[in-house]
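Novice: Supplied in structure tokens, the structure appears directly below.
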Amino acid sequence: MTKVLILGAAGQIAQLAETQFLGNTDVDLTLYLRNAQRLSDLKSDRVTLIDGDTTDADKLTKAMQGQDVVYANLAGQNIKVQAETVLNAMHAAHIKRLIWISTLGIYDEVPGKFGEWNNATLGSYLTRYYSAAEVLENSDLDYTIIRPAWLTNKDEIDYETTGRHDAFKGTEVSRKSIAALVVKLATNPTESVRASLGVNKPNTDGDKPAWY
């Protein structure tokens with residue numbers, strides 16, 4: 001049975017993925033977050049909760065023991081430090097497979113007026129998230145970096161992907177779609193290895209997201 005460690009397990013996408021893992025797979029989940037009480041209502045004999053910070057290398061390494069896949073749903077000013085700590089902990093625990101949520105625009109891959117708007121809106125956020133992605137791309141991990149378009153809460157799974165060197169497509173995508181992609185990758189661990197995937201809802205091209 002596959003064992004998945006979810007870092008930042010209280011995030012919106014992470015919680016949607018947890019629901020899909022528990023409802024649609026037989027995966028065992030270890031949920032790692034700063035306040036484990038936030039997910040205390042998630043009752044399942046397939047769930048283990050760990051209260052911890054992703055910059056705590058010792059605790060993170062211990063949490064990784066026996067895991068097959070690490071899914072990181074992280075954010076913050078110190079995202080590069082978190083990436084470095086995750087990388088080192090995975091080495092120490094002898095785990096290779098990582099699914100990492102990033103954002104669109106880190107490679108300046110978003111074309112046209114939407115790209116200009118995205119760069120202006122996200123600013124230094126892009127630089128920080130690129131630095132974190134670079135840590136993984138320079139590693140020996142079997143990573144998949146996911147770069148979602150602007151996120152919606154639509155109750156739908158409808159997405160397409162673009163590659164590391166492709167122009168980004170569309171402007172938005174649902175969080176539920178990103179969660180579905182995470183579950184797909186975690187349960188098909190040889191898919192999209194050492195890839196960086198742009199993810200968008202088809203036919204949502206525009207100068208900015210329609211809902212913005």
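Labeling convention for the structure tokens: chains A, B, ... as they appear, residues from 1 per chain, ligands from 1 in order of appearance.
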If we count only C-alpha atoms, what is near Asp155 (chain A) at a cut-off of 10 Å, once residues fewer than 4 positions away on the same chain are taken out, given as a ChimeraX atom specification?

Specialist: /A:174-177

Novice: DSSP on the backbone, strand (DSSP E) only: what residues of region 3-41 of chain A does that give? Format it as a PyMOL selection string.

Specialist: chain A and resi 3-7+28-33

Novice: Output N, CA, C and O atoms for every residue in that selection, as a PDB file, in the first residue's frame.

Specialist:
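See selection26.pdb below for the written result:
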ATOM      1  N   LYS A   3       2.265   4.877   0.710  1.00  0.00           N
ATOM      2  CA  LYS A   3       2.221   5.803   1.841  1.00  0.00           C
ATOM      3  C   LYS A   3       2.659   7.181   1.350  1.00  0.00           C
ATOM      4  O   LYS A   3       3.730   7.319   0.767  1.00  0.00           O
ATOM      5  N   VAL A   4       1.804   8.182   1.588  1.00  0.00           N
ATOM      6  CA  VAL A   4       2.052   9.543   1.125  1.00  0.00           C
ATOM      7  C   VAL A   4       2.145  10.480   2.324  1.00  0.00           C
ATOM      8  O   VAL A   4       1.238  10.515   3.164  1.00  0.00           O
ATOM      9  N   LEU A   5       3.230  11.243   2.380  1.00  0.00           N
ATOM     10  CA  LEU A   5       3.407  12.291   3.379  1.00  0.00           C
ATOM     11  C   LEU A   5       3.006  13.617   2.754  1.00  0.00           C
ATOM     12  O   LEU A   5       3.538  14.005   1.714  1.00  0.00           O
ATOM     13  N   ILE A   6       2.046  14.323   3.375  1.00  0.00           N
ATOM     14  CA  ILE A   6       1.583  15.610   2.870  1.00  0.00           C
ATOM     15  C   ILE A   6       2.090  16.712   3.775  1.00  0.00           C
ATOM     16  O   ILE A   6       1.766  16.753   4.971  1.00  0.00           O
ATOM     17  N   LEU A   7       2.904  17.606   3.210  1.00  0.00           N
ATOM     18  CA  LEU A   7       3.451  18.739   3.952  1.00  0.00           C
ATOM     19  C   LEU A   7       2.584  19.965   3.681  1.00  0.00           C
ATOM     20  O   LEU A   7       2.266  20.257   2.534  1.00  0.00           O
ATOM     21  N   ASP A  28      -2.306   5.319   2.311  1.00  0.00           N
ATOM     22  CA  ASP A  28      -2.180   5.764   3.703  1.00  0.00           C
ATOM     23  C   ASP A  28      -1.567   7.159   3.715  1.00  0.00           C
ATOM     24  O   ASP A  28      -0.582   7.411   3.003  1.00  0.00           O
ATOM     25  N   LEU A  29      -2.125   8.049   4.524  1.00  0.00           N
ATOM     26  CA  LEU A  29      -1.688   9.441   4.560  1.00  0.00           C
ATOM     27  C   LEU A  29      -1.044   9.786   5.898  1.00  0.00           C
ATOM     28  O   LEU A  29      -1.575   9.443   6.960  1.00  0.00           O
ATOM     29  N   THR A  30       0.078  10.494   5.825  1.00  0.00           N
ATOM     30  CA  THR A  30       0.643  11.150   6.997  1.00  0.00           C
ATOM     31  C   THR A  30       0.564  12.646   6.741  1.00  0.00           C
ATOM     32  O   THR A  30       1.119  13.146   5.754  1.00  0.00           O
ATOM     33  N   LEU A  31      -0.156  13.354   7.593  1.00  0.00           N
ATOM     34  CA  LEU A  31      -0.429  14.775   7.398  1.00  0.00           C
ATOM     35  C   LEU A  31       0.433  15.588   8.352  1.00  0.00           C
ATOM     36  O   LEU A  31       0.301  15.481   9.573  1.00  0.00           O
ATOM     37  N   TYR A  32       1.302  16.416   7.784  1.00  0.00           N
ATOM     38  CA  TYR A  32       2.293  17.185   8.535  1.00  0.00           C
ATOM     39  C   TYR A  32       1.930  18.659   8.407  1.00  0.00           C
ATOM     40  O   TYR A  32       1.870  19.196   7.297  1.00  0.00           O
ATOM     41  N   LEU A  33       1.686  19.292   9.551  1.00  0.00           N
ATOM     42  CA  LEU A  33       1.272  20.697   9.531  1.00  0.00           C
ATOM     43  C   LEU A  33       1.592  21.337  10.873  1.00  0.00           C
ATOM     44  O   LEU A  33       1.860  20.656  11.862  1.00  0.00           O
TER      45      LEU A  33
END

Novice: May I ask which of the residues A:Leu87, A:Pro209, A:Leu98, A:Ala180 is the closest one to Gly23 (chain A), counting only C-alpha atoms?

Specialist: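 The closest residue to Gly23 (chain A) is A:Ala180.
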
Novice: Taking 2 positions as the minimum chain separation for residues in the same chain, which residues sit within 10 Å of Leu141 (chain A) when counting only C-alpha atoms? Answer as number ranges by chain.

Specialist: A: 87, 90-91, 95-98, 136-139, 143-144, 193-194

Novice: Near Ile146 (chain A), counting only C-alpha atoms, which residues have an atom at most 9 Å away, once you skip same-chain residues fewer than 4 positions from it, shown as a count of residues only?

Specialist: 14

Novice: Write down as a PyMOL selection string the residues belonging to region 12-201 of chain A that are assigned alpha helix (DSSP H) by DSSP computed on the backbone.

Specialist: chain A and resi 12-24+57-64+79-93+112-122+124-137+175-187

Novice: Which residue gives the smallest distance to Ser40 (chain A) among A:Ala83, A:Ala10, A:Met64, A:Ala92, with only C-alpha atoms counted?

Specialist: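 With only C-alpha atoms as the atom set, the closest residue is A:Ala10.
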
Novice: Figure out the distance between CA of Val183 (chain A) and CA of Arg147 (chain A), please, to one decimal in Å.

Specialist: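 Here the two named atoms are 15.4 Å from each other.
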
Novice: Env of Gly170 (chain A): 6 Å cut, atoms = only C-alpha atoms, seq-sep filter 6 positions within chain, self excluded. Answer as a list in words.

Specialist: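 Near Gly170 (chain A), the qualifying residues are Asn200, Thr204 and Asp205 of chain A.
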
Novice: Atoms to include: N, CA and C atoms. Write the selected residues as a PDB file, in the first residue's frame.

Specialist:
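Written out: result_0.pdb:
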ATOM      1  N   ASN A 200      -3.779  24.302 -16.360  1.00  0.00           N
ATOM      2  CA  ASN A 200      -4.847  25.286 -16.567  1.00  0.00           C
ATOM      3  C   ASN A 200      -6.125  24.587 -16.993  1.00  0.00           C
ATOM      4  N   THR A 204      -9.591  29.021 -21.255  1.00  0.00           N
ATOM      5  CA  THR A 204      -9.720  30.146 -20.315  1.00  0.00           C
ATOM      6  C   THR A 204      -8.685  31.217 -20.631  1.00  0.00           C
ATOM      7  N   ASP A 205      -8.294  31.319 -21.883  1.00  0.00           N
ATOM      8  CA  ASP A 205      -7.342  32.354 -22.278  1.00  0.00           C
ATOM      9  C   ASP A 205      -7.971  33.748 -22.082  1.00  0.00           C
TER      10      ASP A 205
END

Novice: Just want the 9 Å neighbourhood of Lys201 (chain A), counted on only C-alpha atoms, with same-chain residues fewer than 4 positions away dropped. Output as a ChimeraX atom specification.

Specialist: /A:149,157-161,169-174,177

Novice: Tell me which of A:Ala9, A:Asn203, A:Val69, A:Ala75 sits closest to Asn188 (chain A), counting only C-alpha atoms.

Specialist: A:Val69

Novice: Measuring between only C-alpha atoms, which one of A:Asp108, A:Glu116, A:Glu191, A:Asp58 shows the shortest distance to Ala93 (chain A)?

Specialist: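 That would be A:Asp58, the residue with the smallest distance to Ala93 (chain A).
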
Novice: Tell me which protein, DNA and RNA residues are within 12 Å of region 119-122 of chain A, counting only C-alpha atoms, leaving out same-chain ones fewer than 6 positions away, and put them as a PyMOL selection string.

Specialist: chain A and resi 103-113+128-129+150+208+212

Novice: Would you compute the distance between CA of Leu42 (chain A) and CA of Glu18 (chain A)? Give it in Å to one decimal.

Specialist: 9.2 Å

Novice: Between A:Asp142, A:Glu156, A:Asp45, A:Glu134, which residue has the minimum interatomic distance to Pro189 (chain A), considering only C-alpha atoms?

Specialist: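 Answer, going by the shortest atom-to-atom distance: A:Asp142.
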
Novice: Pick from A:Leu126, A:Leu60, A:Ala14, A:Ala210: nearest to Lys80 (chain A), with only C-alpha atoms counted?

Specialist: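 Among the listed residues, the smallest separation from Lys80 (chain A) belongs to A:Leu126.
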